[in-house]
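Input: a single structure, listed below in C-alpha cells.
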Amino acid sequence: MTMTKICILIGGLCLLAFTVIPVQAFTVKSLTMTLAPDGDAQVDMRYDLTLFEEGAIFFRISDPATELKKAFDANSAHPVTVTQATGSSARILIPSFASVSSDGDTTTLVSPSVSFERAQKVLDRYWFAPLISPDFSPDVTTIIFPDGYSTRFYNLLVIPSVPHQMAVN
C-alpha cells in the first residue's frame with residue numbers, strides 16, 4: 001500500500017469517526033452556591049471545555065465571563081458580577097439571590113430553583129447542535145448556608161429551591 005492510500009484511509013476513518021460519534025462539549029462538573037446571611041450568593045462553577053471551545057476563548061471569539069453574566073442577569077432582578085472566568089471555572093456574585101425572612105429567633109433562607117434547561121434549548125437551535133453533546137447538569141451541586149448547613153444534588157438539570165431555618169445569634 002502506498003503512503004497516499006494509507007493517508008486517505010486514515011483520513012476517511014477520522015472523518016467517519018467525527019460524523020458518527022458526537023463531540024463532548026461544555027460539561028459542568030460542579031456548581032457551588034454559597035449564601036450570605038443577607039441572601040447574596042457567591043456561585044462557583046467548574047466546567048470542562050473542548051479544545052475547539054478553548055480555542056474560541058483564546059482567540060476571543062467567545063468570552064465565558066460575558067456569556068455567564070448574560071445568563072445570570074436574565075434570571076436575576078439585580079445585576080450580577082462575574083469576578084472570575086477561565087477556561088475551566090467561573091465565579092459569579094449574585095445580590096439578593098436567596099429570599100430571607102425572620103421570625104423571632106429564627107431566620108429562614110430560601111435558595112431559588114435554578115434551571116439550565118434554557119441553555120440547552122438555546123444551544124439546540126444552532127446548526128451544529130447534532131454534532132455536540134453538552135452537559136449542563138452539574139455532576140454535583142452544593143448549596144451552602146451561612147450556618148454551615150449544606151445540601152447536595154447530583155446530575156440535575158433543574159436544581160430545586162431549598163429552604164433552611166437558622167437560629168438567630
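Here's how to read the names in the C-alpha cells: chain A, B, ... by the order shown, residue numbers from 1 in each chain, ligand numbers from 1 in the order shown.
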Practice item. Do a neighbour search on A:Gln165 at 9 Å with only C-alpha atoms, toss out local chain neighbours closer than 3 positions, and write the hits as an NGL selection string. Key: :A and (106-110)
Check your understanding: Which polymer residues have any atom within 8 Å of an atom of stretch 145-156 of chain A, counting only C-alpha atoms, with same-chain residues fewer than 3 positions away left out, as number ranges by chain?
Key -> A: 34-37, 109, 137-142, 159, 164, 166
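Considering the residues A:Ser113, A:Ile144, A:Tyr47, A:His78 and counting only C-alpha atoms, A:Ile94 has its shortest atom-to-atom contact with A:His78.
Our summary of the geometry notes that atom CA of A:Pro112 is positioned 23.1 Å from atom CA of A:Ala85.
The nearest approach to A:Ile143 among the residues A:Val114, A:Ala167, A:Val82, A:Ala77, with only C-alpha atoms taken into account, belongs to A:Val114.
The coordinates place atom CA of A:Ser96 at 12.6 Å from atom CA of A:Val43.
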Check your understanding: Got a sec: who's within 8 Å of A:Met45, counting only C-alpha atoms, leaving out chain neighbours fewer than 2 positions off, as a list of chain:residue names?
Key -> A:Val28, A:Lys29, A:Ser30, A:Leu31, A:Thr32, A:Val43, A:Tyr47, A:Ser89, A:Ala90, A:Arg91
Those selected residues, please, written with all heavy atoms and delivered as an mmCIF file, in the first residue's frame.
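What follows is the written file out-v4.cif:
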```
data_model
loop_
_atom_site.group_PDB
_atom_site.id
_atom_site.type_symbol
_atom_site.label_atom_id
_atom_site.label_comp_id
_atom_site.auth_asym_id
_atom_site.auth_seq_id
_atom_site.Cartn_x
_atom_site.Cartn_y
_atom_site.Cartn_z
ATOM 1 N N VAL A 28 -20.557 20.730 32.748
ATOM 2 C CA VAL A 28 -20.481 21.311 34.085
ATOM 3 C C VAL A 28 -20.100 20.216 35.065
ATOM 4 O O VAL A 28 -20.795 19.215 35.195
ATOM 5 C CB VAL A 28 -21.818 21.959 34.503
ATOM 6 C CG1 VAL A 28 -21.704 22.558 35.902
ATOM 7 C CG2 VAL A 28 -22.241 23.021 33.511
ATOM 8 N N LYS A 29 -18.991 20.414 35.742
ATOM 9 C CA LYS A 29 -18.502 19.441 36.718
ATOM 10 C C LYS A 29 -19.084 19.706 38.105
ATOM 11 O O LYS A 29 -19.536 18.789 38.778
ATOM 12 C CB LYS A 29 -16.971 19.455 36.783
ATOM 13 C CG LYS A 29 -16.339 18.958 35.512
ATOM 14 C CD LYS A 29 -16.823 17.559 35.266
ATOM 15 C CE LYS A 29 -16.106 16.862 34.153
ATOM 16 N NZ LYS A 29 -16.661 15.556 33.898
ATOM 17 N N SER A 30 -19.026 20.954 38.547
ATOM 18 C CA SER A 30 -19.568 21.264 39.874
ATOM 19 C C SER A 30 -20.107 22.683 39.907
ATOM 20 O O SER A 30 -19.654 23.559 39.172
ATOM 21 C CB SER A 30 -18.505 21.085 40.963
ATOM 22 O OG SER A 30 -17.494 22.059 40.835
ATOM 23 N N LEU A 31 -21.097 22.864 40.758
ATOM 24 C CA LEU A 31 -21.706 24.162 40.985
ATOM 25 C C LEU A 31 -21.861 24.309 42.492
ATOM 26 O O LEU A 31 -22.496 23.462 43.132
ATOM 27 C CB LEU A 31 -23.074 24.234 40.296
ATOM 28 C CG LEU A 31 -23.843 25.540 40.438
ATOM 29 C CD1 LEU A 31 -23.150 26.640 39.641
ATOM 30 C CD2 LEU A 31 -25.263 25.363 39.944
ATOM 31 N N THR A 32 -21.250 25.343 43.060
ATOM 32 C CA THR A 32 -21.336 25.578 44.495
ATOM 33 C C THR A 32 -21.928 26.955 44.718
ATOM 34 O O THR A 32 -21.384 27.952 44.220
ATOM 35 C CB THR A 32 -19.951 25.482 45.167
ATOM 36 O OG1 THR A 32 -19.392 24.206 44.884
ATOM 37 C CG2 THR A 32 -20.064 25.681 46.670
ATOM 38 N N VAL A 43 -21.416 32.150 43.515
ATOM 39 C CA VAL A 43 -21.617 30.916 42.765
ATOM 40 C C VAL A 43 -20.301 30.565 42.093
ATOM 41 O O VAL A 43 -19.753 31.356 41.320
ATOM 42 C CB VAL A 43 -22.736 31.071 41.713
ATOM 43 C CG1 VAL A 43 -22.889 29.807 40.891
ATOM 44 C CG2 VAL A 43 -24.052 31.447 42.391
ATOM 45 N N TYR A 47 -16.078 23.654 35.057
ATOM 46 C CA TYR A 47 -16.562 23.024 33.834
ATOM 47 C C TYR A 47 -15.386 22.604 32.957
ATOM 48 O O TYR A 47 -14.258 23.045 33.154
ATOM 49 C CB TYR A 47 -17.483 23.965 33.057
ATOM 50 C CG TYR A 47 -16.962 25.375 32.921
ATOM 51 C CD1 TYR A 47 -16.079 25.719 31.914
ATOM 52 C CD2 TYR A 47 -17.355 26.364 33.821
ATOM 53 C CE1 TYR A 47 -15.595 27.011 31.789
ATOM 54 C CE2 TYR A 47 -16.873 27.655 33.708
ATOM 55 C CZ TYR A 47 -16.002 27.979 32.700
ATOM 56 O OH TYR A 47 -15.519 29.258 32.590
ATOM 57 N N SER A 89 -13.302 27.435 34.964
ATOM 58 C CA SER A 89 -14.103 27.811 36.131
ATOM 59 C C SER A 89 -14.610 29.240 36.008
ATOM 60 O O SER A 89 -14.118 30.025 35.199
ATOM 61 C CB SER A 89 -13.281 27.672 37.419
ATOM 62 O OG SER A 89 -12.228 28.621 37.434
ATOM 63 N N ALA A 90 -15.598 29.523 36.837
ATOM 64 C CA ALA A 90 -16.143 30.883 36.897
ATOM 65 C C ALA A 90 -16.635 31.147 38.307
ATOM 66 O O ALA A 90 -17.070 30.221 39.014
ATOM 67 C CB ALA A 90 -17.283 31.057 35.907
ATOM 68 N N ARG A 91 -16.566 32.402 38.709
ATOM 69 C CA ARG A 91 -17.102 32.834 40.000
ATOM 70 C C ARG A 91 -18.022 34.018 39.732
ATOM 71 O O ARG A 91 -17.630 34.978 39.075
ATOM 72 C CB ARG A 91 -15.995 33.228 40.958
ATOM 73 C CG ARG A 91 -16.528 33.822 42.262
ATOM 74 C CD ARG A 91 -15.473 33.957 43.302
ATOM 75 N NE ARG A 91 -15.137 32.604 43.749
ATOM 76 C CZ ARG A 91 -13.975 32.284 44.303
ATOM 77 N NH1 ARG A 91 -13.043 33.189 44.477
ATOM 78 N NH2 ARG A 91 -13.755 31.041 44.690
#
```
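Coordinates place atom CA of A:Val158 at a distance of 7.2 Å from atom CA of A:Glu117.
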Quick check for you: according to DSSP on this backbone, which residues of stretch 81-160 of chain A are classed as alpha helix (DSSP H)? Reply as a CSV table (one decimal) with N, CA, C and O atoms, in the first residue's frame.
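Heads up, here's the output in result_38.csv:
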```
chain,number,residue,atom,x,y,z
A,117,GLU,N,-32.2,24.4,31.7
A,117,GLU,CA,-33.0,23.9,30.5
A,117,GLU,C,-32.9,25.0,29.4
A,117,GLU,O,-32.8,24.6,28.3
A,118,ARG,N,-33.0,26.2,29.8
A,118,ARG,CA,-32.9,27.3,28.8
A,118,ARG,C,-31.6,27.3,28.0
A,118,ARG,O,-31.7,27.4,26.8
A,119,ALA,N,-30.5,27.0,28.7
A,119,ALA,CA,-29.2,27.0,28.0
A,119,ALA,C,-29.3,25.8,27.0
A,119,ALA,O,-28.8,26.0,25.8
A,120,GLN,N,-29.8,24.7,27.3
A,120,GLN,CA,-29.9,23.6,26.4
A,120,GLN,C,-30.8,23.9,25.2
A,120,GLN,O,-30.4,23.6,24.1
A,121,LYS,N,-31.9,24.6,25.5
A,121,LYS,CA,-32.8,24.9,24.4
A,121,LYS,C,-32.2,25.9,23.4
A,121,LYS,O,-32.4,25.8,22.2
A,122,VAL,N,-31.5,26.9,23.9
A,122,VAL,CA,-30.8,27.9,23.1
A,122,VAL,C,-29.8,27.2,22.2
A,122,VAL,O,-29.7,27.4,21.0
A,123,LEU,N,-29.0,26.3,22.8
A,123,LEU,CA,-28.0,25.5,22.0
A,123,LEU,C,-28.6,24.7,20.9
A,123,LEU,O,-28.1,24.5,19.8
A,124,ASP,N,-29.7,24.1,21.2
A,124,ASP,CA,-30.4,23.2,20.3
A,124,ASP,C,-30.8,23.9,19.0
A,124,ASP,O,-31.0,23.2,18.0
```
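Closest to A:Ser111 among A:Thr27, A:Ser88, A:Ser161, A:Gln42 is A:Ser161, based on only C-alpha atoms.
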